[in-house]
Amino acid sequence: MIFTYTQFKPARLFEITGMTPDLQQLWRRRGQLPWGNGKPRPITAIEAAEIFLRYQLSQVGVPPSESAEIGQVNAPIVLWYALLEVDGACAVRGPLNRVDEFLEEFRMTHKVATDLTGIHQDTSYRFLYRFNGEQEFTASFALPEIGPHSPFATLNVIDLHGIGSLLASRAESPLILVEIADSTVPRSEWVTKFTGPRT
């Protein structure tokens with residue numbers, strides 16, 4: 001099995017993340033986004049997940065100079081949620097029987113999405129949050145209870161599931177392309193199918 005991440009040009013990155021071309025240019029000049037040979041290069045789906053997350057962090061006051069590590073650590077989780085939650089987020093090409101086997105495994109387990117995104121195990125958290133503008137974010141599957149006497153003035157919440165779902169639905173095309181080779185079946189007989197709802 002071989003897989004590749006879809007690539008997005010700056011205009012598509014804007015449509016997906018909301019990050020304007022001017023802001024992308026500024027981040028590139030500051031070394032916060034990658035360059036190609038003297039010009040912006042296409043951004044892969046995993047990089048788009050990281051950039052989308054970092055852009056959301058910037059909306060709650062985390063400058064891009066401080067969000068790189070959070071973005072790198074959590075981008076695979078954003079992409080994992082994208083694959084599991086949005087129909088068609090992954091395209092699979094190969095012989096019909098092999099493609100159907102892949103899709104069945106994808107539908108029944110998290111293993112395929114885990115392998116494709118590079119996370120080492122099923123994610124155990126969905127949210128990043130912090131109180132009162134603290135520097136560090138806490139990772140959790142649920143948000144803390146907020147009662148009438150909660151000792152904080154502000155609560156910043158980043159929903160990795162939400163970012164992943166938006167990433168995949170706004171992309172309007174697969175984020176990952178999987179090819180399952182089989183030398184016994186000619187490529188002319190291969191089919192392409194898309195991941196669908198999980199059970």
# chains A, B, ... in the order shown; residues from 1 in each chain; ligands from 1
$ residues_around --residues "range 8-25 of chain A" --least-positions-apart "6" --cutoff "8 Å" --atoms "only C-alpha atoms" --output "compact mmCIF listing (two decimals) with N, CA, C and O atoms, in the first residue's frame"
# COMPACT_ATOMS: atom_id res chain seq x y z
N LEU A 33 5.77 29.45 7.40
CA LEU A 33 5.21 28.59 6.35
C LEU A 33 6.34 28.25 5.38
O LEU A 33 7.25 29.05 5.17
N PRO A 40 6.04 30.33 -3.08
CA PRO A 40 5.28 29.41 -2.22
C PRO A 40 5.09 28.06 -2.89
O PRO A 40 4.77 27.98 -4.07
N ARG A 41 5.35 27.01 -2.16
CA ARG A 41 5.13 25.68 -2.71
C ARG A 41 3.80 25.14 -2.23
O ARG A 41 3.26 25.62 -1.23
N PRO A 42 3.25 24.15 -2.93
CA PRO A 42 1.98 23.57 -2.47
C PRO A 42 2.13 22.99 -1.06
O PRO A 42 3.20 22.54 -0.66
N ILE A 43 1.03 23.02 -0.34
CA ILE A 43 0.98 22.55 1.04
C ILE A 43 0.28 21.19 1.06
O ILE A 43 -0.79 21.03 0.49
N THR A 44 0.89 20.21 1.71
CA THR A 44 0.28 18.89 1.79
C THR A 44 -0.87 18.90 2.80
O THR A 44 -0.97 19.81 3.63
N ALA A 45 -1.70 17.87 2.75
CA ALA A 45 -2.84 17.79 3.66
C ALA A 45 -2.41 17.80 5.12
O ALA A 45 -3.06 18.43 5.96
N ALA A 48 -1.49 21.25 5.88
CA ALA A 48 -2.71 22.07 5.96
C ALA A 48 -3.38 21.89 7.31
O ALA A 48 -3.89 22.86 7.90
N ILE A 51 -1.30 23.94 9.71
CA ILE A 51 -1.50 25.38 9.49
C ILE A 51 -2.87 25.82 9.98
O ILE A 51 -3.01 26.87 10.62
N PHE A 52 -3.89 25.02 9.69
CA PHE A 52 -5.25 25.35 10.13
C PHE A 52 -5.30 25.44 11.66
O PHE A 52 -5.86 26.37 12.23
N TYR A 55 -3.39 28.53 12.79
CA TYR A 55 -4.17 29.73 12.51
C TYR A 55 -5.26 29.90 13.56
O TYR A 55 -5.51 31.02 14.04
N LEU A 166 -13.81 20.40 9.44
CA LEU A 166 -13.82 21.55 8.53
C LEU A 166 -12.77 21.39 7.44
O LEU A 166 -13.03 21.69 6.27
N LEU A 167 -11.60 20.92 7.81
CA LEU A 167 -10.52 20.70 6.83
C LEU A 167 -11.00 19.80 5.70
O LEU A 167 -10.87 20.13 4.52
N ARG A 170 -14.21 21.34 3.69
CA ARG A 170 -13.87 22.48 2.85
C ARG A 170 -12.94 22.09 1.70
O ARG A 170 -12.94 22.74 0.66
N ALA A 171 -12.15 21.06 1.88
CA ALA A 171 -11.24 20.62 0.81
C ALA A 171 -12.04 20.13 -0.39
O ALA A 171 -11.60 20.28 -1.54
$ closest_atom_pairs --of "range 109-129 of chain A" --to "range 73-77 of chain A" --cutoff "10 Å" --atoms "only C-alpha atoms" --output "tab-separated table"
residue	atom	partner	partner_atom	distance
A:Ala113	CA	A:Pro76	CA	9.9
A:Thr114	CA	A:Pro76	CA	8.7
A:Leu116	CA	A:Pro76	CA	9.0
A:Thr117	CA	A:Pro76	CA	5.2
A:Gly118	CA	A:Pro76	CA	6.3
A:Ile119	CA	A:Pro76	CA	6.0
A:His120	CA	A:Pro76	CA	9.7
A:Asp122	CA	A:Ile77	CA	8.9
A:Thr123	CA	A:Ile77	CA	6.7
A:Ser124	CA	A:Ile77	CA	9.6
A:Tyr125	CA	A:Ile77	CA	8.8
A:Arg126	CA	A:Ile77	CA	8.4
A:Leu128	CA	A:Asn74	CA	9.6
$ write_last_selection --atoms "N, CA and C atoms" --output "compact mmCIF listing (two decimals), in the first residue's frame"
# COMPACT_ATOMS: atom_id res chain seq x y z
N ALA A 113 -6.95 4.54 9.60
CA ALA A 113 -6.78 5.98 9.76
C ALA A 113 -5.56 6.29 10.63
N THR A 114 -5.33 5.47 11.63
CA THR A 114 -4.16 5.64 12.49
C THR A 114 -2.87 5.47 11.70
N LEU A 116 -2.48 5.82 8.40
CA LEU A 116 -2.36 6.85 7.36
C LEU A 116 -1.93 8.21 7.91
N THR A 117 -2.29 8.49 9.13
CA THR A 117 -1.98 9.81 9.70
C THR A 117 -0.70 9.83 10.51
N GLY A 118 -0.21 8.66 10.86
CA GLY A 118 1.06 8.61 11.58
C GLY A 118 0.94 8.75 13.09
N ILE A 119 -0.27 8.75 13.63
CA ILE A 119 -0.36 8.74 15.09
C ILE A 119 -0.05 7.32 15.56
N HIS A 120 0.49 7.20 16.74
CA HIS A 120 0.98 5.90 17.22
C HIS A 120 -0.11 5.05 17.85
N ASP A 122 -4.74 5.17 18.84
CA ASP A 122 -5.97 5.95 18.74
C ASP A 122 -5.87 7.16 19.67
N THR A 123 -6.29 8.27 19.13
CA THR A 123 -6.18 9.49 19.92
C THR A 123 -7.05 9.41 21.18
N SER A 124 -6.54 9.95 22.25
CA SER A 124 -7.31 9.92 23.50
C SER A 124 -7.73 11.32 23.91
N TYR A 125 -7.60 12.27 22.99
CA TYR A 125 -8.08 13.61 23.31
C TYR A 125 -8.64 14.30 22.07
N ARG A 126 -9.50 15.25 22.34
CA ARG A 126 -10.18 15.99 21.27
C ARG A 126 -9.94 17.49 21.39
N LEU A 128 -7.91 21.02 23.04
CA LEU A 128 -6.81 21.71 23.69
C LEU A 128 -7.44 22.92 24.37
$ residues_around --residues "range 183-190 of chain A" --least-positions-apart "4" --cutoff "10 Å" --atoms "only C-alpha atoms" --output "JSON, numbers by chain"
{"A": [93, 94, 95, 96, 97, 98, 99, 179]}
$ residues_around --residues "Asp87 in chain A" --least-positions-apart "4" --cutoff "8 Å" --atoms "only C-alpha atoms" --output "PyMOL selection string"
chain A and resi 83+194-197
$ write_last_selection --atoms "C-alpha atoms" --output "PDB file, in the first residue's frame"
ATOM      1  CA  LEU A  83     -10.576  10.906   7.846  1.00  0.00           C
ATOM      2  CA  PHE A 194     -13.824   6.667  -1.349  1.00  0.00           C
ATOM      3  CA  THR A 195     -14.053   6.125   2.365  1.00  0.00           C
ATOM      4  CA  GLY A 196     -17.533   6.486   3.801  1.00  0.00           C
ATOM      5  CA  PRO A 197     -19.259   6.436   7.165  1.00  0.00           C
TER       6      PRO A 197
END
$ select_by_dssp --residues "range 29-179 of chain A" --states "strand (DSSP E)" --output "ChimeraX atom specification"
/A:43-44,90-94,127-131,138-140,155-159,176-179
$ residues_around --residues "Arg130 in chain A" --least-positions-apart "4" --cutoff "10 Å" --atoms "only C-alpha atoms" --output "PyMOL selection string"
chain A and resi 134-139+152+154-158
$ residues_around --residues "Ser65 in chain A" --least-positions-apart "5" --cutoff "9 Å" --atoms "only C-alpha atoms" --output "PyMOL selection string"
chain A and resi 30-32
$ residues_around --residues "Leu177 in chain A" --least-positions-apart "5" --cutoff "8 Å" --atoms "only C-alpha atoms" --output "JSON, numbers by chain"
{"A": [3, 4, 5, 6, 90, 91, 92, 93]}
$ write_last_selection --atoms "N, CA and C atoms" --output "PDB file, in the first residue's frame"
ATOM      1  N   PHE A   3       0.611   5.540   0.000  1.00  0.00           N
ATOM      2  CA  PHE A   3      -0.324   6.655   0.108  1.00  0.00           C
ATOM      3  C   PHE A   3       0.403   7.976  -0.036  1.00  0.00           C
ATOM      4  N   THR A   4      -0.316   8.956  -0.563  1.00  0.00           N
ATOM      5  CA  THR A   4       0.218  10.308  -0.716  1.00  0.00           C
ATOM      6  C   THR A   4      -0.807  11.302  -0.194  1.00  0.00           C
ATOM      7  N   TYR A   5      -0.302  12.396   0.337  1.00  0.00           N
ATOM      8  CA  TYR A   5      -1.178  13.467   0.790  1.00  0.00           C
ATOM      9  C   TYR A   5      -1.507  14.392  -0.377  1.00  0.00           C
ATOM     10  N   THR A   6      -2.744  14.816  -0.465  1.00  0.00           N
ATOM     11  CA  THR A   6      -3.149  15.813  -1.452  1.00  0.00           C
ATOM     12  C   THR A   6      -2.405  17.110  -1.164  1.00  0.00           C
ATOM     13  N   CYS A  90     -10.714  10.146   2.025  1.00  0.00           N
ATOM     14  CA  CYS A  90      -9.625   9.290   1.541  1.00  0.00           C
ATOM     15  C   CYS A  90     -10.108   8.577   0.281  1.00  0.00           C
ATOM     16  N   ALA A  91      -9.295   8.612  -0.784  1.00  0.00           N
ATOM     17  CA  ALA A  91      -9.580   7.884  -2.020  1.00  0.00           C
ATOM     18  C   ALA A  91      -8.678   6.671  -2.076  1.00  0.00           C
ATOM     19  N   VAL A  92      -9.213   5.550  -2.538  1.00  0.00           N
ATOM     20  CA  VAL A  92      -8.463   4.293  -2.602  1.00  0.00           C
ATOM     21  C   VAL A  92      -8.531   3.764  -4.025  1.00  0.00           C
ATOM     22  N   ARG A  93      -7.360   3.425  -4.581  1.00  0.00           N
ATOM     23  CA  ARG A  93      -7.294   2.923  -5.955  1.00  0.00           C
ATOM     24  C   ARG A  93      -6.565   1.590  -5.972  1.00  0.00           C
TER      25      ARG A  93
END
$ select_by_dssp --residues "range 134-169 of chain A" --states "alpha helix (DSSP H)" --output "ChimeraX atom specification"
/A:160-169
$ write_last_selection --atoms "N, CA and C atoms" --output "short mmCIF file (atom, residue, chain, number, x, y, z; two decimals), in the first residue's frame"
data_model
loop_
_atom_site.label_atom_id
_atom_site.label_comp_id
_atom_site.auth_asym_id
_atom_site.auth_seq_id
_atom_site.Cartn_x
_atom_site.Cartn_y
_atom_site.Cartn_z
N LEU A 160 -10.03 19.90 18.07
CA LEU A 160 -9.30 19.22 17.01
C LEU A 160 -10.24 18.46 16.07
N HIS A 161 -11.30 17.90 16.64
CA HIS A 161 -12.32 17.23 15.85
C HIS A 161 -12.98 18.21 14.88
N GLY A 162 -13.33 19.38 15.39
CA GLY A 162 -13.95 20.41 14.56
C GLY A 162 -13.04 20.89 13.45
N ILE A 163 -11.77 21.10 13.76
CA ILE A 163 -10.82 21.54 12.74
C ILE A 163 -10.67 20.47 11.67
N GLY A 164 -10.58 19.20 12.09
CA GLY A 164 -10.45 18.11 11.13
C GLY A 164 -11.66 18.01 10.23
N SER A 165 -12.85 18.12 10.80
CA SER A 165 -14.08 18.05 10.01
C SER A 165 -14.16 19.19 9.01
N LEU A 166 -13.81 20.40 9.44
CA LEU A 166 -13.82 21.55 8.53
C LEU A 166 -12.77 21.39 7.44
N LEU A 167 -11.60 20.92 7.81
CA LEU A 167 -10.52 20.70 6.83
C LEU A 167 -11.00 19.80 5.70
N ALA A 168 -11.58 18.67 6.05
CA ALA A 168 -12.00 17.70 5.04
C ALA A 168 -13.19 18.19 4.23
N SER A 169 -14.17 18.80 4.90
CA SER A 169 -15.37 19.23 4.16
C SER A 169 -15.07 20.42 3.26
#
$ atom_distance --atom1 "CA of Ala89 in chain A" --atom2 "CA of Ser173 in chain A"
6.7 Å
$ atom_distance --atom1 "CA of Ser67 in chain A" --atom2 "CA of Tyr129 in chain A"
13.6 Å
$ closest_residue --among "A:Ser58, A:Ser140, A:Gln72, A:Asn37" --to "Asp159 in chain A" --atoms "only C-alpha atoms"
A:Ser140
$ atom_distance --atom1 "CA of Ile70 in chain A" --atom2 "CA of Ala142 in chain A"
18.5 Å
